[in-house]
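Below: the structure, in structure tokens.
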Amino acid sequence: MTRLVGDLEVAEDAVQEACAAAVAQWPAAGFPASPRAWLVGVARHKALDHLRREAARQAKEVAATAELGPGRADTAPGVADEATDDDQLGLIFMCCHPALSLAAQTALTLRSICGLRTAEIAAAFLVPEPTMAQRLVRAKRKITQAGIAMRMPPAADVPARLAAVLRVIFLVFTEGHMATSGQALVRDELCDRALRLARELTRLLPGQPEVTGLLALILLTDARRSARVGAAGEPVQLADQDRGRWDRAMIDEGRTLVETALAAGAPGPYQLRAAIAACHGDAASADDTDWRQIVALYDELLRYEPTPVVAANRAAAVAMADGPAEGLRLLRDLAADEALASWPPLHVAIAELHRQRGDASAALSAYQAALELGVPEAQRTFIRHRMRGLKS
Amino acid sequence: MRYLFLLYGTSPLPEPGTPEHTAMYADYATAVQTMAEAGVLVSCAPLQPASASTTVRVRDGQTLLTDGPAAELKEQFGGYTLVECADLDEALRWAARMPAASDGMVEVRPVITAGAPT
């Protein structure tokens with residue numbers, strides 16, 4: 001008993017109580033099949049009652065911690081002591097617990113770890129502030145009510161739980177990266193926070209190739225930040241970007257990181273995406289890009305993420321390597337799937353390839369299809385710009 | 001902390017007396033035994049099917065009875081397990097070992113206990 005419970009006094013009290021309970025209950029219920037096992041079971045259970053009251057007090061502290069704003073991930077990396085790192089990891093894994101919805105995980109991470117104000121988070125995700133405030137309140141309530149602990153999960157659970165953390169950080173980054181105008185300031189903030197958090201995670205969890213892979217991916221993608229937006233705030237496609245405006249230091253750092261990560265021999269989606277981004281980073285122009293290498297990387301990525309998005313991106317790479325007709329063939333196969341037929345980016349991709357082949361009318365109808373299905377404002381501007389170019 | 005597992009099986013549940021029914025009970029007995037030995041089990045029981053339920057409502061002083069469950073669900077709510085665990089992760093690990101988790105689903109609902117924070 002003391003092995004399990006640890007506190008000798010508590011253990012002795014618990015056994016006394018269990019015996020009293022047994023004497024009271026047995027005559028009515030009949031002797032249990034295995035009295036000793038039952039006794040030990042109930043004794044542990046009663047000891048846990050006592051510990052539960054202790055845990056309740058601690059849970060209150062955890063909830064209070066979750067109320068706090070900036071965590072250490074938000075400050076400059078400095079000398080870190082063991083206890084604080086454990087707390088930081090515990091907080092990250094708590095905020096990104098799968099028992100919370102992805103929206104809740106993301107909001108909590110931005111609030112409790114990155115220290116963004118509720119108004120800033122609301123603006124970043126284009127929801128009203130009261131909605132975001134409610135989302136945070138509900139998430140914290142769930143943590144307390146359901147007893148989500150603030151600590152690193154056991155080793156066996158780490159891979160799955162880590163995937164959730166990486167997903168949140170990457171989601172924050174892509175939210176920031178996709179914006180091109182309007183909320184530009186808030187969106188830059190998201191990219192910065194995601195980058196800082198990814199860095200902090202590599203420090204807290206060294207020797208995890210996917211964590212390194214995520215940092216590499218963010219660096220390599222963020223390196224293109226200045227070139228992504230045109231003078232009028234319109235999005236500039238990768239092929240058209242002024243590569244002189246790419247941040248070379250970030251690209252070099254990202255490339256080194258992904259090479260190191262892949263050398264560990266445990267590839268994964270973030271490392272593979274980073275490798276693809278590194279191929280772009282190394283190329284002087286779209287034509288100079290090693291598209292076959294990118295296709296091979298997408299082949300690998302599809303094994304980990306067999307999704308239509310990855311398949312469509314692969315098709316775009318195939319088009320660059322083997323010509324638009326090949327890419328179109330693959331995209332049309334994807335479009336045959338009912339679920340994908342109403343996915344606007346697929347039609348944009350098809351339109352782009354028709355445009356490259358010189359088939360203006362096919363391109364126009366594909367762009368139109370995308371518009372009718374509904375796309376974000378910045379994309380609509382881009383599509384209309386393309387359509388105007390084809391009609392002239 | 002206490003958690004109630006609401007065990008949902010696929011419909012229909014095996015008929016009593018069939019080999020499938022015996023096997024199901026054996027699976028549950030094993031799962032429950034393991035939980036008892038680990039000291040997390042507080043209480044558990046299978047339930048008669050929802051068709052055996054009677055639903056009670058009192059409105060304007062009138063007691064209204066209906067034959068059947070409170071909510072008609074595709075899945076059969078067939079049993080419950082009450083556990084005492086340190087935190088949600090521990091409860092979820094045990095829930096995953098219930099046979100219902102593999103064929104149907106298990107809802108893990110925290111129990112409000114006196115003295116626990118809300």
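As shown in the structure tokens, the chain order sets the letters A, B, ...; within each chain, residues go from 1, and ligands are also counted from 1 in the order they appear.
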Residues of chain B within 10 Å of chain A, counting only C-alpha atoms, what are they? List them as a PDB file with N, CA and C atoms, in the first residue's frame.
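Below is the file that was written, iface-v6.pdb:
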```pdb
ATOM      1  N   MET B   1      -9.716  12.660  -8.878  1.00  0.00           N
ATOM      2  CA  MET B   1     -10.956  13.114  -9.509  1.00  0.00           C
ATOM      3  C   MET B   1     -11.767  11.926  -9.977  1.00  0.00           C
ATOM      4  N   ARG B   2     -13.087  12.083  -9.931  1.00  0.00           N
ATOM      5  CA  ARG B   2     -13.942  10.980 -10.392  1.00  0.00           C
ATOM      6  C   ARG B   2     -14.438  11.238 -11.808  1.00  0.00           C
ATOM      7  N   TYR B   3     -14.521  10.184 -12.563  1.00  0.00           N
ATOM      8  CA  TYR B   3     -15.038  10.276 -13.925  1.00  0.00           C
ATOM      9  C   TYR B   3     -16.063   9.178 -14.126  1.00  0.00           C
ATOM     10  N   GLN B  33     -11.913  -6.018 -13.895  1.00  0.00           N
ATOM     11  CA  GLN B  33     -10.989  -6.663 -12.957  1.00  0.00           C
ATOM     12  C   GLN B  33      -9.667  -5.902 -12.919  1.00  0.00           C
ATOM     13  N   MET B  35      -9.141  -2.827 -13.672  1.00  0.00           N
ATOM     14  CA  MET B  35      -9.330  -1.525 -13.032  1.00  0.00           C
ATOM     15  C   MET B  35      -9.442  -1.656 -11.512  1.00  0.00           C
ATOM     16  N   ALA B  36     -10.104  -2.731 -11.062  1.00  0.00           N
ATOM     17  CA  ALA B  36     -10.226  -2.957  -9.626  1.00  0.00           C
ATOM     18  C   ALA B  36      -8.849  -3.193  -9.012  1.00  0.00           C
ATOM     19  N   GLU B  37      -8.040  -4.006  -9.688  1.00  0.00           N
ATOM     20  CA  GLU B  37      -6.691  -4.301  -9.170  1.00  0.00           C
ATOM     21  C   GLU B  37      -5.831  -3.048  -9.129  1.00  0.00           C
ATOM     22  N   ALA B  38      -6.057  -2.149 -10.086  1.00  0.00           N
ATOM     23  CA  ALA B  38      -5.275  -0.909 -10.100  1.00  0.00           C
ATOM     24  C   ALA B  38      -5.802   0.100  -9.089  1.00  0.00           C
ATOM     25  N   GLY B  39      -6.944  -0.213  -8.487  1.00  0.00           N
ATOM     26  CA  GLY B  39      -7.495   0.675  -7.465  1.00  0.00           C
ATOM     27  C   GLY B  39      -8.231   1.874  -8.008  1.00  0.00           C
ATOM     28  N   VAL B  40      -8.600   1.854  -9.297  1.00  0.00           N
ATOM     29  CA  VAL B  40      -9.293   3.023  -9.859  1.00  0.00           C
ATOM     30  C   VAL B  40     -10.804   2.827  -9.928  1.00  0.00           C
ATOM     31  N   LEU B  41     -11.244   1.569  -9.825  1.00  0.00           N
ATOM     32  CA  LEU B  41     -12.668   1.302  -9.994  1.00  0.00           C
ATOM     33  C   LEU B  41     -13.454   1.683  -8.754  1.00  0.00           C
ATOM     34  N   VAL B  42     -14.493   2.474  -8.933  1.00  0.00           N
ATOM     35  CA  VAL B  42     -15.371   2.814  -7.821  1.00  0.00           C
ATOM     36  C   VAL B  42     -16.634   1.961  -7.911  1.00  0.00           C
ATOM     37  N   VAL B  83     -14.924   5.759 -12.052  1.00  0.00           N
ATOM     38  CA  VAL B  83     -13.519   5.569 -11.679  1.00  0.00           C
ATOM     39  C   VAL B  83     -13.007   6.757 -10.876  1.00  0.00           C
ATOM     40  N   GLU B  84     -11.919   6.503 -10.165  1.00  0.00           N
ATOM     41  CA  GLU B  84     -11.217   7.546  -9.415  1.00  0.00           C
ATOM     42  C   GLU B  84      -9.806   7.588  -9.975  1.00  0.00           C
ATOM     43  N   CYS B  85      -9.445   8.708 -10.620  1.00  0.00           N
ATOM     44  CA  CYS B  85      -8.125   8.824 -11.240  1.00  0.00           C
ATOM     45  C   CYS B  85      -7.478  10.143 -10.854  1.00  0.00           C
ATOM     46  N   ALA B  86      -6.166  10.216 -11.060  1.00  0.00           N
ATOM     47  CA  ALA B  86      -5.426  11.431 -10.709  1.00  0.00           C
ATOM     48  C   ALA B  86      -5.794  12.583 -11.634  1.00  0.00           C
ATOM     49  N   ASP B  87      -5.994  12.298 -12.907  1.00  0.00           N
ATOM     50  CA  ASP B  87      -6.303  13.358 -13.872  1.00  0.00           C
ATOM     51  C   ASP B  87      -6.966  12.775 -15.116  1.00  0.00           C
ATOM     52  N   LEU B  88      -7.297  13.646 -16.044  1.00  0.00           N
ATOM     53  CA  LEU B  88      -8.025  13.214 -17.237  1.00  0.00           C
ATOM     54  C   LEU B  88      -7.243  12.190 -18.054  1.00  0.00           C
ATOM     55  N   ASP B  89      -5.937  12.406 -18.200  1.00  0.00           N
ATOM     56  CA  ASP B  89      -5.145  11.476 -19.011  1.00  0.00           C
ATOM     57  C   ASP B  89      -5.265  10.047 -18.498  1.00  0.00           C
ATOM     58  N   GLU B  90      -5.214   9.897 -17.169  1.00  0.00           N
ATOM     59  CA  GLU B  90      -5.332   8.552 -16.605  1.00  0.00           C
ATOM     60  C   GLU B  90      -6.712   7.972 -16.911  1.00  0.00           C
ATOM     61  N   ALA B  91      -7.754   8.788 -16.748  1.00  0.00           N
ATOM     62  CA  ALA B  91      -9.116   8.332 -17.031  1.00  0.00           C
ATOM     63  C   ALA B  91      -9.253   7.928 -18.493  1.00  0.00           C
ATOM     64  N   LEU B  92      -8.678   8.730 -19.387  1.00  0.00           N
ATOM     65  CA  LEU B  92      -8.781   8.436 -20.819  1.00  0.00           C
ATOM     66  C   LEU B  92      -8.086   7.129 -21.175  1.00  0.00           C
ATOM     67  N   VAL B 108     -16.433  10.273 -21.445  1.00  0.00           N
ATOM     68  CA  VAL B 108     -15.765  10.403 -20.149  1.00  0.00           C
ATOM     69  C   VAL B 108     -16.221  11.722 -19.532  1.00  0.00           C
ATOM     70  N   ARG B 109     -17.095  11.631 -18.524  1.00  0.00           N
ATOM     71  CA  ARG B 109     -17.670  12.836 -17.932  1.00  0.00           C
ATOM     72  C   ARG B 109     -17.154  13.028 -16.522  1.00  0.00           C
ATOM     73  N   PRO B 110     -16.500  14.172 -16.223  1.00  0.00           N
ATOM     74  CA  PRO B 110     -16.020  14.373 -14.849  1.00  0.00           C
ATOM     75  C   PRO B 110     -17.197  14.507 -13.890  1.00  0.00           C
ATOM     76  N   VAL B 111     -17.042  13.936 -12.690  1.00  0.00           N
ATOM     77  CA  VAL B 111     -18.080  14.008 -11.683  1.00  0.00           C
ATOM     78  C   VAL B 111     -17.781  15.172 -10.752  1.00  0.00           C
ATOM     79  N   ILE B 112     -18.792  15.936 -10.407  1.00  0.00           N
ATOM     80  CA  ILE B 112     -18.601  17.022  -9.453  1.00  0.00           C
ATOM     81  C   ILE B 112     -18.585  16.396  -8.068  1.00  0.00           C
ATOM     82  N   THR B 113     -17.509  16.642  -7.337  1.00  0.00           N
ATOM     83  CA  THR B 113     -17.439  16.100  -5.976  1.00  0.00           C
ATOM     84  C   THR B 113     -17.281  17.256  -5.016  1.00  0.00           C
ATOM     85  N   ALA B 114     -17.817  17.118  -3.845  1.00  0.00           N
ATOM     86  CA  ALA B 114     -17.776  18.192  -2.853  1.00  0.00           C
ATOM     87  C   ALA B 114     -16.332  18.584  -2.595  1.00  0.00           C
ATOM     88  N   GLY B 115     -16.057  19.881  -2.613  1.00  0.00           N
ATOM     89  CA  GLY B 115     -14.707  20.366  -2.320  1.00  0.00           C
ATOM     90  C   GLY B 115     -13.869  20.558  -3.567  1.00  0.00           C
ATOM     91  N   ALA B 116     -14.312  19.979  -4.750  1.00  0.00           N
ATOM     92  CA  ALA B 116     -13.511  20.158  -5.968  1.00  0.00           C
ATOM     93  C   ALA B 116     -13.811  21.536  -6.558  1.00  0.00           C
ATOM     94  N   PRO B 117     -12.829  22.145  -7.205  1.00  0.00           N
ATOM     95  CA  PRO B 117     -13.087  23.463  -7.809  1.00  0.00           C
ATOM     96  C   PRO B 117     -14.021  23.324  -8.998  1.00  0.00           C
ATOM     97  N   THR B 118     -14.830  24.316  -9.290  1.00  0.00           N
ATOM     98  CA  THR B 118     -15.738  24.250 -10.455  1.00  0.00           C
ATOM     99  C   THR B 118     -15.095  24.914 -11.679  1.00  0.00           C
TER     100      THR B 118
END
```
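Each of B:Gly61, B:Pro49, B:Gly78, B:Pro69 was compared to Tyr8 in chain B using only C-alpha atoms, and B:Gly78 turns out to be the nearest.
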Run DSSP on the backbone and tell me which residues of range 275-347 of chain A come out as helix (DSSP H, G or I); list them as a tab-separated table (two decimals) with C-alpha atoms, in the first residue's frame.
```tsv
chain	number	residue	atom	x	y	z
A	275	ALA	CA	12.82	20.08	-47.35
A	276	ILE	CA	10.40	21.21	-50.06
A	277	ALA	CA	10.68	24.81	-48.85
A	278	ALA	CA	14.48	24.43	-48.88
A	279	CYS	CA	14.32	23.40	-52.57
A	280	HIS	CA	12.57	26.70	-53.29
A	281	GLY	CA	15.01	28.58	-51.10
A	282	ASP	CA	17.95	27.20	-53.07
A	291	TRP	CA	10.97	20.23	-59.31
A	292	ARG	CA	11.68	16.51	-59.57
A	293	GLN	CA	13.19	16.58	-56.10
A	294	ILE	CA	10.06	18.38	-54.91
A	295	VAL	CA	7.81	15.77	-56.52
A	296	ALA	CA	9.82	13.02	-54.80
A	297	LEU	CA	9.41	14.82	-51.47
A	298	TYR	CA	5.66	15.12	-52.05
A	299	ASP	CA	5.57	11.37	-52.80
A	300	GLU	CA	7.08	10.81	-49.34
A	301	LEU	CA	4.79	13.38	-47.71
A	302	LEU	CA	1.73	11.63	-49.15
A	303	ARG	CA	2.69	8.52	-47.17
A	304	TYR	CA	2.33	10.51	-43.94
A	308	PRO	CA	-6.16	16.05	-51.24
A	309	VAL	CA	-4.22	19.21	-50.33
A	310	VAL	CA	-0.92	17.38	-50.51
A	311	ALA	CA	-2.01	15.59	-53.69
A	312	ALA	CA	-2.94	18.91	-55.32
A	313	ASN	CA	0.37	20.50	-54.32
A	314	ARG	CA	2.16	17.47	-55.73
A	315	ALA	CA	0.21	17.85	-58.97
A	316	ALA	CA	1.33	21.48	-59.23
A	317	ALA	CA	4.95	20.33	-58.78
A	318	VAL	CA	4.46	17.60	-61.41
A	319	ALA	CA	3.16	20.26	-63.79
A	320	MET	CA	6.39	22.21	-63.29
A	321	ALA	CA	8.56	19.10	-63.76
A	322	ASP	CA	6.70	17.38	-66.59
A	324	PRO	CA	1.01	21.45	-67.43
A	325	ALA	CA	-0.80	18.61	-69.23
A	326	GLU	CA	0.56	16.07	-66.74
A	327	GLY	CA	-0.38	18.25	-63.79
A	328	LEU	CA	-3.86	18.83	-65.20
A	329	ARG	CA	-4.42	15.12	-65.59
A	330	LEU	CA	-3.71	14.62	-61.88
A	331	LEU	CA	-5.82	17.59	-60.81
A	332	ARG	CA	-8.77	16.46	-62.90
A	333	ASP	CA	-8.59	13.04	-61.19
A	334	LEU	CA	-8.74	14.84	-57.85
A	335	ALA	CA	-11.63	17.02	-59.01
A	338	GLU	CA	-17.19	14.82	-54.88
A	339	ALA	CA	-15.72	16.36	-51.74
A	340	LEU	CA	-12.88	18.00	-53.63
A	341	ALA	CA	-14.97	19.26	-56.51
A	344	PRO	CA	-11.77	26.35	-54.54
A	345	PRO	CA	-7.94	26.01	-54.50
A	346	LEU	CA	-8.26	22.96	-56.76
A	347	HIS	CA	-10.01	25.04	-59.41
```
Discussion item. Can you tell me which residues surround Ala96 in chain B at a distance of at most 12 Å, considering only C-alpha atoms, apart from same-chain residues fewer than 2 positions away, and format the answer as a list in words?
Written reply: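 The contact residues come out as Phe5, Leu7, Ala31, Asp89, Glu90, Ala91, Leu92, Arg93, Trp94, Met98, Pro99, Ala100, Ala101, Ser102, Asp103, Gly104, Met105, Val106, Glu107 and Val108 of chain B.
The space separating CA of Ala264 in chain A from CA of Gln208 in chain A comes to 9.0 Å.
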Discussion item. Neighbouring residues of Arg380 in chain A were defined as those with any atom within 12 Å, considering only C-alpha atoms; residues of the same chain fewer than 3 positions away were excluded. Please report them as a list in words.
Written reply: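 Residues near the query, excluding close chain neighbours: Glu234, Pro235, Pro344, Pro345, Val348, Tyr367, Gln368, Ala369, Ala370, Leu371, Glu372, Leu373, Gly374, Val375, Pro376, Glu377, Ile383, Arg384, His385, Arg386 and Met387 of chain A.
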Using the selection just defined, write its residues with N, CA and C atoms as an mmCIF file, in the first residue's frame.
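Writing done, so here's part-v5.cif:
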```cif
data_model
loop_
_atom_site.group_PDB
_atom_site.id
_atom_site.type_symbol
_atom_site.label_atom_id
_atom_site.label_comp_id
_atom_site.auth_asym_id
_atom_site.auth_seq_id
_atom_site.Cartn_x
_atom_site.Cartn_y
_atom_site.Cartn_z
ATOM 1 N N GLU A 234 -1.313 43.297 -52.712
ATOM 2 C CA GLU A 234 -1.855 42.069 -53.316
ATOM 3 C C GLU A 234 -0.863 40.917 -53.119
ATOM 4 N N PRO A 235 -1.355 39.664 -53.076
ATOM 5 C CA PRO A 235 -0.448 38.529 -52.901
ATOM 6 C C PRO A 235 0.364 38.295 -54.172
ATOM 7 N N PRO A 344 -12.207 25.299 -53.609
ATOM 8 C CA PRO A 344 -11.770 26.354 -54.537
ATOM 9 C C PRO A 344 -10.301 26.265 -54.977
ATOM 10 N N PRO A 345 -9.345 26.017 -54.061
ATOM 11 C CA PRO A 345 -7.939 26.008 -54.505
ATOM 12 C C PRO A 345 -7.675 25.013 -55.636
ATOM 13 N N VAL A 348 -8.496 26.815 -58.775
ATOM 14 C CA VAL A 348 -7.472 27.829 -59.053
ATOM 15 C C VAL A 348 -6.244 27.161 -59.663
ATOM 16 N N TYR A 367 -11.280 29.621 -63.198
ATOM 17 C CA TYR A 367 -11.207 30.742 -62.234
ATOM 18 C C TYR A 367 -12.614 31.107 -61.764
ATOM 19 N N GLN A 368 -13.548 31.140 -62.734
ATOM 20 C CA GLN A 368 -14.925 31.492 -62.398
ATOM 21 C C GLN A 368 -15.503 30.488 -61.408
ATOM 22 N N ALA A 369 -15.230 29.202 -61.654
ATOM 23 C CA ALA A 369 -15.716 28.147 -60.755
ATOM 24 C C ALA A 369 -15.207 28.374 -59.337
ATOM 25 N N ALA A 370 -13.928 28.750 -59.230
ATOM 26 C CA ALA A 370 -13.335 29.006 -57.909
ATOM 27 C C ALA A 370 -14.042 30.169 -57.229
ATOM 28 N N LEU A 371 -14.255 31.261 -57.993
ATOM 29 C CA LEU A 371 -14.926 32.446 -57.434
ATOM 30 C C LEU A 371 -16.309 32.099 -56.926
ATOM 31 N N GLU A 372 -17.025 31.290 -57.707
ATOM 32 C CA GLU A 372 -18.395 30.944 -57.326
ATOM 33 C C GLU A 372 -18.437 30.075 -56.075
ATOM 34 N N LEU A 373 -17.388 29.286 -55.879
ATOM 35 C CA LEU A 373 -17.360 28.442 -54.679
ATOM 36 C C LEU A 373 -17.022 29.253 -53.435
ATOM 37 N N GLY A 374 -16.387 30.428 -53.663
ATOM 38 C CA GLY A 374 -16.095 31.323 -52.536
ATOM 39 C C GLY A 374 -14.652 31.249 -52.080
ATOM 40 N N VAL A 375 -13.956 32.376 -52.217
ATOM 41 C CA VAL A 375 -12.550 32.430 -51.784
ATOM 42 C C VAL A 375 -12.332 33.673 -50.932
ATOM 43 N N PRO A 376 -11.277 33.694 -50.089
ATOM 44 C CA PRO A 376 -10.987 34.886 -49.281
ATOM 45 C C PRO A 376 -10.714 36.103 -50.169
ATOM 46 N N GLU A 377 -10.945 37.292 -49.601
ATOM 47 C CA GLU A 377 -10.836 38.558 -50.331
ATOM 48 C C GLU A 377 -9.546 38.698 -51.122
ATOM 49 N N ILE A 383 -7.470 36.436 -58.371
ATOM 50 C CA ILE A 383 -8.171 35.724 -59.444
ATOM 51 C C ILE A 383 -8.711 36.698 -60.479
ATOM 52 N N ARG A 384 -9.326 37.791 -60.001
ATOM 53 C CA ARG A 384 -9.891 38.777 -60.946
ATOM 54 C C ARG A 384 -8.772 39.391 -61.789
ATOM 55 N N HIS A 385 -7.642 39.626 -61.157
ATOM 56 C CA HIS A 385 -6.479 40.165 -61.865
ATOM 57 C C HIS A 385 -6.052 39.216 -62.984
ATOM 58 N N ARG A 386 -6.010 37.903 -62.649
ATOM 59 C CA ARG A 386 -5.647 36.892 -63.655
ATOM 60 C C ARG A 386 -6.668 36.878 -64.805
ATOM 61 N N MET A 387 -7.954 36.927 -64.453
ATOM 62 C CA MET A 387 -9.024 36.866 -65.451
ATOM 63 C C MET A 387 -8.965 38.065 -66.382
#
```
Item to complete: Using only C-alpha atoms, determine which residues lie at most 12 Å from Thr131 in chain A, disregarding the query and same-chain residues fewer than 2 positions distant; provide the list as a list in words.
Response: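 Here the qualifying residues turn out to be Ala103, Ala104, Ala107, Thr118, Ala119, Ile121, Ala122, Ala123, Phe125, Leu126, Val127, Pro128, Glu129, Ala133, Gln134, Arg135, Leu136, Val137 and Arg138 of chain A.
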Worksheet item: If you run DSSP on this backbone, which residues of chain B come out as strand (DSSP E), and could you give them as a ChimeraX atom specification?
Response: /B:2-9,41-46,54-59,62-67,76-84,105-110
